[in-house]
Structure formats: structure tokens, C-alpha cells
file work.cif (mmCIF, C-alpha atoms and all ligand atoms)
data_model
loop_
_atom_site.label_atom_id
_atom_site.label_comp_id
_atom_site.auth_asym_id
_atom_site.auth_seq_id
_atom_site.Cartn_x
_atom_site.Cartn_y
_atom_site.Cartn_z
CA MET A 1379 0.00 0.00 0.00
CA ARG A 1380 1.21 3.54 -0.74
CA LEU A 1381 2.56 5.31 2.30
CA ASP A 1382 0.38 8.40 1.80
CA ARG A 1383 -2.74 6.26 1.44
CA PHE A 1384 -1.87 4.25 4.53
CA LEU A 1385 -1.45 7.41 6.63
CA SER A 1386 -4.47 9.23 5.24
CA ASN A 1387 -6.66 6.12 5.81
CA LEU A 1388 -5.58 6.34 9.44
CA LYS A 1389 -6.61 10.03 9.56
CA TYR A 1390 -3.11 11.50 9.81
CA GLY A 1391 -4.19 14.07 7.20
CA SER A 1392 -5.10 14.38 3.54
CA ARG A 1393 -2.71 13.04 0.92
CA SER A 1394 -1.28 16.54 0.38
CA GLU A 1395 -0.86 17.07 4.12
CA ILE A 1396 1.01 13.77 4.29
CA GLN A 1397 3.23 14.90 1.42
CA LYS A 1398 4.04 18.07 3.33
CA ALA A 1399 4.82 16.04 6.47
CA ILE A 1400 7.18 13.88 4.42
CA LYS A 1401 8.94 17.02 3.09
CA ARG A 1402 9.25 18.22 6.69
CA LYS A 1403 11.05 14.93 7.49
CA LEU A 1404 8.38 13.71 9.89
CA VAL A 1405 7.88 10.22 8.42
CA TYR A 1406 10.08 7.15 8.85
CA VAL A 1407 9.59 3.57 7.68
CA ASN A 1408 11.67 0.95 9.47
CA ASP A 1409 14.00 3.75 10.69
CA ASP A 1410 14.55 5.11 7.15
CA LEU A 1411 13.61 8.73 6.57
CA MET A 1412 11.02 8.90 3.78
CA SER A 1413 11.16 11.34 0.89
CA ASP A 1414 8.52 9.86 -1.44
CA SER A 1415 4.86 9.70 -0.45
CA ARG A 1416 4.29 7.01 -3.09
CA PHE A 1417 6.68 4.63 -1.32
CA LYS A 1418 5.04 1.19 -1.00
CA ILE A 1419 4.76 -0.39 2.41
CA ASP A 1420 3.40 -3.62 3.79
CA PRO A 1421 1.35 -2.36 6.77
CA SER A 1422 1.42 -5.73 8.51
CA VAL A 1423 5.22 -5.80 8.77
CA ASP A 1424 6.68 -2.32 8.21
CA ILE A 1425 7.01 0.04 11.14
CA VAL A 1426 5.90 3.55 10.32
CA VAL A 1427 6.71 6.51 12.55
CA PHE A 1428 4.79 9.75 12.06
CA ASP A 1429 6.01 12.86 13.86
CA GLY A 1430 7.81 10.78 16.47
CA GLU A 1431 4.85 8.44 17.09
CA LYS A 1432 4.79 4.78 16.05
CA VAL A 1433 1.71 4.24 13.90
CA PHE A 1434 -0.62 1.56 15.28
CA TYR A 1435 -1.99 -0.70 12.58
CA ARG A 1436 -4.14 -3.79 12.34
CA ASP A 1437 -5.90 -5.23 9.36
CA THR A 1438 -8.95 -6.12 11.45
CA ILE A 1439 -9.93 -4.27 14.59
CA LEU A 1440 -12.59 -5.78 16.83
CA LEU A 1441 -13.62 -3.96 19.98
CA MET A 1442 -15.91 -5.15 22.76
CA LEU A 1443 -17.73 -2.21 24.36
CA ASN A 1444 -19.88 -2.32 27.46
CA LYS A 1445 -22.42 0.16 26.11
CA PRO A 1446 -23.96 2.60 28.54
CA SER A 1447 -27.58 3.65 28.32
CA GLY A 1448 -28.00 7.10 26.74
CA TYR A 1449 -25.68 6.52 23.76
CA LEU A 1450 -26.85 5.97 20.20
CA SER A 1451 -25.52 2.96 18.28
CA ALA A 1452 -24.45 5.13 15.37
CA THR A 1453 -21.16 6.34 13.99
CA LYS A 1454 -22.23 9.99 13.97
CA ASP A 1455 -25.18 12.07 15.08
CA GLY A 1456 -25.63 15.81 14.85
CA LYS A 1457 -27.21 16.12 18.30
CA GLU A 1458 -26.78 13.07 20.47
CA LYS A 1459 -23.86 11.18 21.97
CA THR A 1460 -22.93 8.07 20.03
CA VAL A 1461 -20.94 5.02 21.11
CA MET A 1462 -18.10 6.21 18.86
CA ASP A 1463 -17.63 9.15 21.26
CA LEU A 1464 -16.38 6.56 23.77
CA ILE A 1465 -13.65 5.19 21.46
CA ARG A 1466 -10.24 6.85 21.70
CA GLU A 1467 -6.94 6.61 19.84
CA PRO A 1468 -5.52 4.54 18.32
CA TYR A 1469 -8.81 2.76 17.56
CA SER A 1470 -10.66 5.96 16.66
CA ARG A 1471 -8.32 6.29 13.66
CA PHE A 1472 -9.97 3.28 11.98
CA ASP A 1473 -13.20 3.32 9.97
CA LEU A 1474 -15.29 1.55 12.54
CA SER A 1475 -18.88 0.34 12.31
CA ILE A 1476 -21.24 -1.36 14.71
CA ALA A 1477 -22.00 -5.06 14.36
CA GLY A 1478 -25.59 -5.24 15.62
CA ARG A 1479 -27.02 -2.08 17.09
CA LEU A 1480 -28.57 -1.62 20.51
CA ASP A 1481 -31.31 0.85 21.41
CA LYS A 1482 -30.27 4.07 23.11
CA ASP A 1483 -31.52 2.80 26.48
CA THR A 1484 -30.02 -0.70 26.14
CA GLU A 1485 -26.73 -1.56 27.83
CA GLY A 1486 -24.12 -4.21 27.34
CA LEU A 1487 -22.17 -6.01 24.68
CA LEU A 1488 -21.55 -4.08 21.49
CA LEU A 1489 -19.02 -5.24 18.92
CA ILE A 1490 -17.34 -2.53 16.89
CA THR A 1491 -15.15 -3.37 13.93
CA ASN A 1492 -13.67 -2.22 10.63
CA ASN A 1493 -14.34 -5.66 9.11
CA GLY A 1494 -17.45 -5.68 6.89
CA LYS A 1495 -17.61 -9.47 6.63
CA LEU A 1496 -17.66 -9.81 10.39
CA ILE A 1497 -20.56 -7.36 10.61
CA HIS A 1498 -22.45 -9.30 7.96
CA ASP A 1499 -21.86 -12.62 9.75
CA ILE A 1500 -23.10 -11.22 13.05
CA ILE A 1501 -26.24 -9.56 11.79
CA THR A 1502 -27.42 -12.15 9.22
CA PRO A 1503 -29.98 -14.46 10.87
CA ALA A 1504 -28.99 -17.20 8.40
CA LYS A 1505 -25.65 -17.45 10.19
CA ASN A 1506 -27.56 -18.60 13.27
CA ILE A 1507 -25.63 -16.43 15.68
CA TYR A 1508 -27.62 -16.02 18.87
CA LYS A 1509 -27.58 -12.71 20.74
CA LYS A 1510 -28.36 -13.18 24.41
CA TYR A 1511 -30.07 -10.52 26.50
CA PHE A 1512 -30.71 -10.09 30.19
CA VAL A 1513 -34.29 -8.81 30.43
CA ARG A 1514 -36.18 -7.25 33.33
CA VAL A 1515 -39.91 -6.60 32.97
CA ASP A 1516 -42.41 -4.35 34.73
CA SER A 1517 -44.74 -7.02 36.10
CA ASP A 1518 -44.61 -10.70 36.96
CA PHE A 1519 -44.01 -12.98 33.99
CA LEU A 1520 -44.46 -16.41 35.51
CA ASN A 1521 -43.93 -18.29 32.28
CA PRO A 1522 -41.58 -16.34 29.99
CA LYS A 1523 -41.15 -19.61 28.03
CA VAL A 1524 -44.21 -18.48 26.02
CA LEU A 1525 -41.73 -16.23 24.22
CA GLU A 1526 -40.46 -19.43 22.55
CA THR A 1527 -43.84 -20.18 20.92
CA ASP A 1528 -44.97 -19.14 17.42
CA TYR A 1529 -46.26 -15.58 17.09
CA GLU A 1530 -45.76 -12.68 14.73
CA ILE A 1531 -44.41 -9.27 15.59
CA MET A 1532 -43.64 -6.21 13.50
CA ASP A 1533 -40.19 -5.20 12.32
CA GLY A 1534 -38.96 -1.62 11.75
CA ARG A 1535 -40.61 -1.51 8.30
CA SER A 1536 -44.02 -2.62 9.57
CA ASN A 1537 -43.63 -6.11 8.11
CA TYR A 1538 -44.64 -9.03 10.29
CA TYR A 1539 -42.23 -11.87 11.05
CA TYR A 1540 -41.96 -14.88 13.35
CA PRO A 1541 -38.96 -14.69 15.69
CA SER A 1542 -36.94 -17.77 14.80
CA THR A 1543 -36.40 -20.26 17.66
CA PRO A 1544 -35.80 -17.87 20.56
CA ILE A 1545 -34.48 -19.39 23.79
CA VAL A 1546 -35.64 -18.31 27.26
CA GLU A 1547 -33.92 -19.00 30.58
CA LYS A 1548 -35.98 -17.82 33.52
CA ILE A 1549 -34.14 -16.23 36.46
CA ASN A 1550 -37.11 -15.12 38.58
CA ASP A 1551 -40.65 -13.81 38.01
CA ARG A 1552 -39.43 -10.52 36.56
CA GLU A 1553 -36.05 -11.42 35.06
CA PHE A 1554 -34.91 -13.85 32.38
CA TYR A 1555 -32.40 -14.33 29.60
CA LEU A 1556 -33.67 -14.23 26.04
CA SER A 1557 -31.54 -15.36 23.10
CA ILE A 1558 -32.58 -14.41 19.57
CA LYS A 1559 -31.06 -14.90 16.14
CA GLU A 1560 -32.37 -11.79 14.43
CA GLY A 1561 -31.70 -8.22 15.46
CA LYS A 1562 -34.86 -6.52 14.30
CA PHE A 1563 -35.98 -3.11 15.46
CA HIS A 1564 -36.92 -3.21 19.16
CA GLN A 1565 -37.18 -6.98 18.84
CA VAL A 1566 -36.88 -7.97 22.48
CA LYS A 1567 -39.18 -5.15 23.61
CA ARG A 1568 -41.77 -6.09 20.99
CA MET A 1569 -41.61 -9.80 21.80
CA VAL A 1570 -42.19 -9.01 25.47
CA LYS A 1571 -44.92 -6.49 24.60
CA HIS A 1572 -46.71 -9.21 22.65
CA PHE A 1573 -47.28 -10.88 26.03
CA ASP A 1574 -48.46 -7.66 27.71
CA ARG A 1575 -45.30 -6.82 29.66
CA SER A 1576 -42.85 -3.95 29.20
CA VAL A 1577 -39.08 -4.18 29.35
CA THR A 1578 -37.70 -1.93 32.10
CA TYR A 1579 -34.05 -2.91 31.71
CA LEU A 1580 -32.23 -4.59 28.83
CA LYS A 1581 -28.62 -5.63 28.59
CA ARG A 1582 -26.94 -7.74 25.90
CA VAL A 1583 -24.58 -10.25 27.45
CA GLU A 1584 -23.51 -12.49 24.55
CA ILE A 1585 -23.11 -12.51 20.78
CA GLY A 1586 -22.46 -16.05 19.58
CA GLN A 1587 -19.49 -17.34 21.53
CA VAL A 1588 -18.43 -13.88 22.70
CA SER A 1589 -19.53 -12.98 26.24
CA LEU A 1590 -19.38 -9.52 27.71
CA ASP A 1591 -16.22 -9.33 29.83
CA LYS A 1592 -17.49 -8.84 33.39
CA SER A 1593 -14.45 -6.76 34.28
CA LEU A 1594 -15.41 -4.08 31.73
CA LYS A 1595 -17.14 -1.20 33.48
CA ILE A 1596 -20.03 0.54 31.73
CA GLY A 1597 -18.54 2.69 28.94
CA GLU A 1598 -15.27 0.76 28.84
CA TYR A 1599 -14.03 -1.30 25.90
CA LYS A 1600 -11.22 -3.65 25.01
CA GLU A 1601 -9.76 -5.04 21.81
CA LEU A 1602 -10.46 -8.69 21.01
CA ILE A 1603 -7.44 -10.22 19.33
CA ASP A 1604 -8.14 -13.92 19.49
CA TYR A 1605 -11.84 -14.44 19.03
CA LYS A 1606 -14.41 -16.82 17.65
CA ILE A 1607 -17.93 -15.52 17.10
N1 LIG B 1701 -34.08 -5.71 21.32
C1 LIG B 1701 -34.55 -4.50 21.73
O1 LIG B 1701 -35.74 -4.30 21.89
N2 LIG B 1701 -33.65 -3.53 21.94
C2 LIG B 1701 -32.31 -3.69 21.79
O2 LIG B 1701 -31.53 -2.75 22.03
C3 LIG B 1701 -31.86 -4.95 21.38
C4 LIG B 1701 -32.76 -5.95 21.14
#

call {"tool": "encode", "arguments": {"input": "work.cif", "output": "C-alpha cells"}}
result
Amino acid sequence: MRLDRFLSNLKYGSRSEIQKAIKRKLVYVNDDLMSDSRFKIDPSVDIVVFDGEKVFYRDTILLMLNKPSGYLSATKDGKEKTVMDLIREPYSRFDLSIAGRLDKDTEGLLLITNNGKLIHDIITPAKNIYKKYFVRVDSDFLNPKVLETDYEIMDGRSNYYYPSTPIVEKINDREFYLSIKEGKFHQVKRMVKHFDRSVTYLKRVEIGQVSLDKSLKIGEYKELIDYKI
């Protein structure tokens, strides 16, 4: 990859700003001072230093965030705080997207990545990846197992669908875990509403084989290096 493209992809400046930085002798590759912005590098092996700082690079970034309530699952929003406001350098230099959004008032496991295939695998129901939620409801729900039966609810486009093989694990009369394969608009809330209860607290605890790290405080994140979804 061209050096100027590598650095501009990582938001060190526009191509012309990178050229200027190279003229000002601010860029080294493997300890060699660079003079040509078109120089080709292999980002996975070459060590690039920009203005005295070693450039952090990974082909795939995957972050686990313990999402707080009150943050939108969006990359940008004109008015409201988004989960991306919680991500700092070096990760904020990457073009990150969210793999399976959560509502503003939902907490818990959010995966954030620059890898489009990973996002697709997580959000496609056909991949059979369960997302597990801790659910608290407003009134006694003695048999939440009814959520596993066949019934239709509406998605975000007002089309009806049958949630596909949800799994319920009761904790007590007002709390249970619910695992679902889809990630439709307000899905857990609408499934619960179908049985005349309202969700008062919702937290995602698992996506496939990835569990929310219990040591992560609300709003904290960590990079997953070795993972299997
Ligand atoms: N289902 C919901 O209703 N909300 C979420 O945030 C996630 C799943």
C-alpha cells in the first residue's frame, strides 16, 4: 500500500498534508527517513513513525464495548452522543462500524469493527448467531417460556415476522435471559410487549461465543485479538 494512502486512511491528514509532512522529514519507515509519499509499504510488517509516534496498525480491529444507556448505536449524530464518542486513539483512527445495534436505552455487549464481513456474519440471521439478553420486565411474567412459541411481531418496516427459535432461561418472576437470532428493530421489547409486559431494563450479554467481559465497566471497551464468534 502507498505510504500516503496508509497514513491518510488512518486520519493523519489528507494526501497533500502527508506529502508536506514527508517534506518536513516527519515520516520514517523501518528507521529510514522517507522522501517519497508514493513509497510502497506492507502495513502488517513495516514500522511507520509519524512525527515521532509509532503508527498503530491492524488489518482487522474488533472492539468489545460495554455500552452505557444514553448513547446511540451510530457512527455519527448531529445532536446526540454516540458510542463512537467513547472510542479513543488509536482505535478511533480506523473506519469503525457497529456489528448489531442496541437501542439508546439498552446496555451491554456491542461489537465494533472495521471488518465488513464480520458485521455481515453477526447480523445475518442465516448465520444462526444467537444474541443473548438479560431482560427485566415491569410485572410478573411467571412463564416467559411463552416467548419461545410461534407468534408474529412487527419489524422496523411494519412487516410481520416470526422470531426464529428464541431461547428463554428464567431467572425469577421478573427477570430472564432471552436469546434471539435476528436483530430486528426493538425486537426484544416487541416480543415481550406481545405478552403484555414492558421491558424496564435490557442488557446484551452475549453474541455467539463472545460474552461480555465482566471486568469491563459501563462505557469501557477492550480489543479482542483472538476471538471466535
Ligand atoms: N431488542 C430490543 O428491543 N432492543 C435492543 O436494544 C436490542 C434488542

call {"tool": "residues_around", "arguments": {"input": "work.cif", "residues": "A:Leu1594", "least_positions_apart": "4", "cutoff": "8 Å", "atoms": "only C-alpha atoms", "output": "PyMOL selection string"}}
result
chain A and resi 1443-1444+1590+1598-1600

call {"tool": "closest_residue", "arguments": {"input": "work.cif", "among": "A:Ala1399, A:Ile1507, A:Leu1450, A:Leu1440", "to": "A:Gly1494", "atoms": "all atoms listed in the file"}}
result
A:Leu1440

call {"tool": "atom_distance", "arguments": {"input": "work.cif", "atom1": "atom CA of A:Phe1512", "atom2": "atom CA of A:Tyr1469"}}
result
28.4 Å

call {"tool": "atom_distance", "arguments": {"input": "work.cif", "atom1": "atom CA of A:Val1515", "atom2": "atom CA of A:Thr1578"}}
result
5.2 Å

call {"tool": "atom_distance", "arguments": {"input": "work.cif", "atom1": "atom CA of A:Leu1404", "atom2": "atom CA of A:Thr1438"}}
result
26.4 Å

call {"tool": "residues_near_ligand", "arguments": {"input": "work.cif", "ligand": "ligand LIG 1701 (chain B)", "cutoff": "12 Å", "atoms": "all atoms listed in the file", "output": "MDAnalysis selection string"}}
result
chainID A and resid 1445:1451 1478:1488 1501 1508:1514 1531:1534 1541 1555:1571 1576:1585

call {"tool": "closest_residue", "arguments": {"input": "work.cif", "among": "A:Glu1458, A:Glu1547, A:Asp1429, A:Glu1467", "to": "A:Glu1526", "atoms": "all atoms listed in the file"}}
result
A:Glu1547

call {"tool": "closest_residue", "arguments": {"input": "work.cif", "among": "A:Gln1587, A:Ser1536, A:Ser1593, A:Ser1422", "to": "A:Tyr1605", "atoms": "only C-alpha atoms"}}
result
A:Gln1587

call {"tool": "closest_residue", "arguments": {"input": "work.cif", "among": "A:Leu1520, A:Ile1497, A:Val1461, A:Val1426", "to": "A:Ile1549", "atoms": "only C-alpha atoms"}}
result
A:Leu1520

call {"tool": "closest_residue", "arguments": {"input": "work.cif", "among": "A:Pro1503, A:Asp1516, A:Gly1456, A:Ser1413", "to": "A:Arg1552", "atoms": "only C-alpha atoms"}}
result
A:Asp1516

call {"tool": "residues_around", "arguments": {"input": "work.cif", "residues": "A:Thr1453", "least_positions_apart": "2", "cutoff": "12 Å", "atoms": "only C-alpha atoms", "output": "ChimeraX atom specification"}}
result
/A:1449-1451,1455-1456,1458-1465,1470,1472-1477,1479,1490-1492

call {"tool": "write_last_selection", "arguments": {"input": "work.cif", "atoms": "C-alpha atoms", "output": "short mmCIF file (atom, residue, chain, number, x, y, z; two decimals), keeping the file's coordinate frame"}}
result
data_model
loop_
_atom_site.label_atom_id
_atom_site.label_comp_id
_atom_site.auth_asym_id
_atom_site.auth_seq_id
_atom_site.Cartn_x
_atom_site.Cartn_y
_atom_site.Cartn_z
CA TYR A 1449 -25.68 6.52 23.76
CA LEU A 1450 -26.85 5.97 20.20
CA SER A 1451 -25.52 2.96 18.28
CA ASP A 1455 -25.18 12.07 15.08
CA GLY A 1456 -25.63 15.81 14.85
CA GLU A 1458 -26.78 13.07 20.47
CA LYS A 1459 -23.86 11.18 21.97
CA THR A 1460 -22.93 8.07 20.03
CA VAL A 1461 -20.94 5.02 21.11
CA MET A 1462 -18.10 6.21 18.86
CA ASP A 1463 -17.63 9.15 21.26
CA LEU A 1464 -16.38 6.56 23.77
CA ILE A 1465 -13.65 5.19 21.46
CA SER A 1470 -10.66 5.96 16.66
CA PHE A 1472 -9.97 3.28 11.98
CA ASP A 1473 -13.20 3.32 9.97
CA LEU A 1474 -15.29 1.55 12.54
CA SER A 1475 -18.88 0.34 12.31
CA ILE A 1476 -21.24 -1.36 14.71
CA ALA A 1477 -22.00 -5.06 14.36
CA ARG A 1479 -27.02 -2.08 17.09
CA ILE A 1490 -17.34 -2.53 16.89
CA THR A 1491 -15.15 -3.37 13.93
CA ASN A 1492 -13.67 -2.22 10.63
#
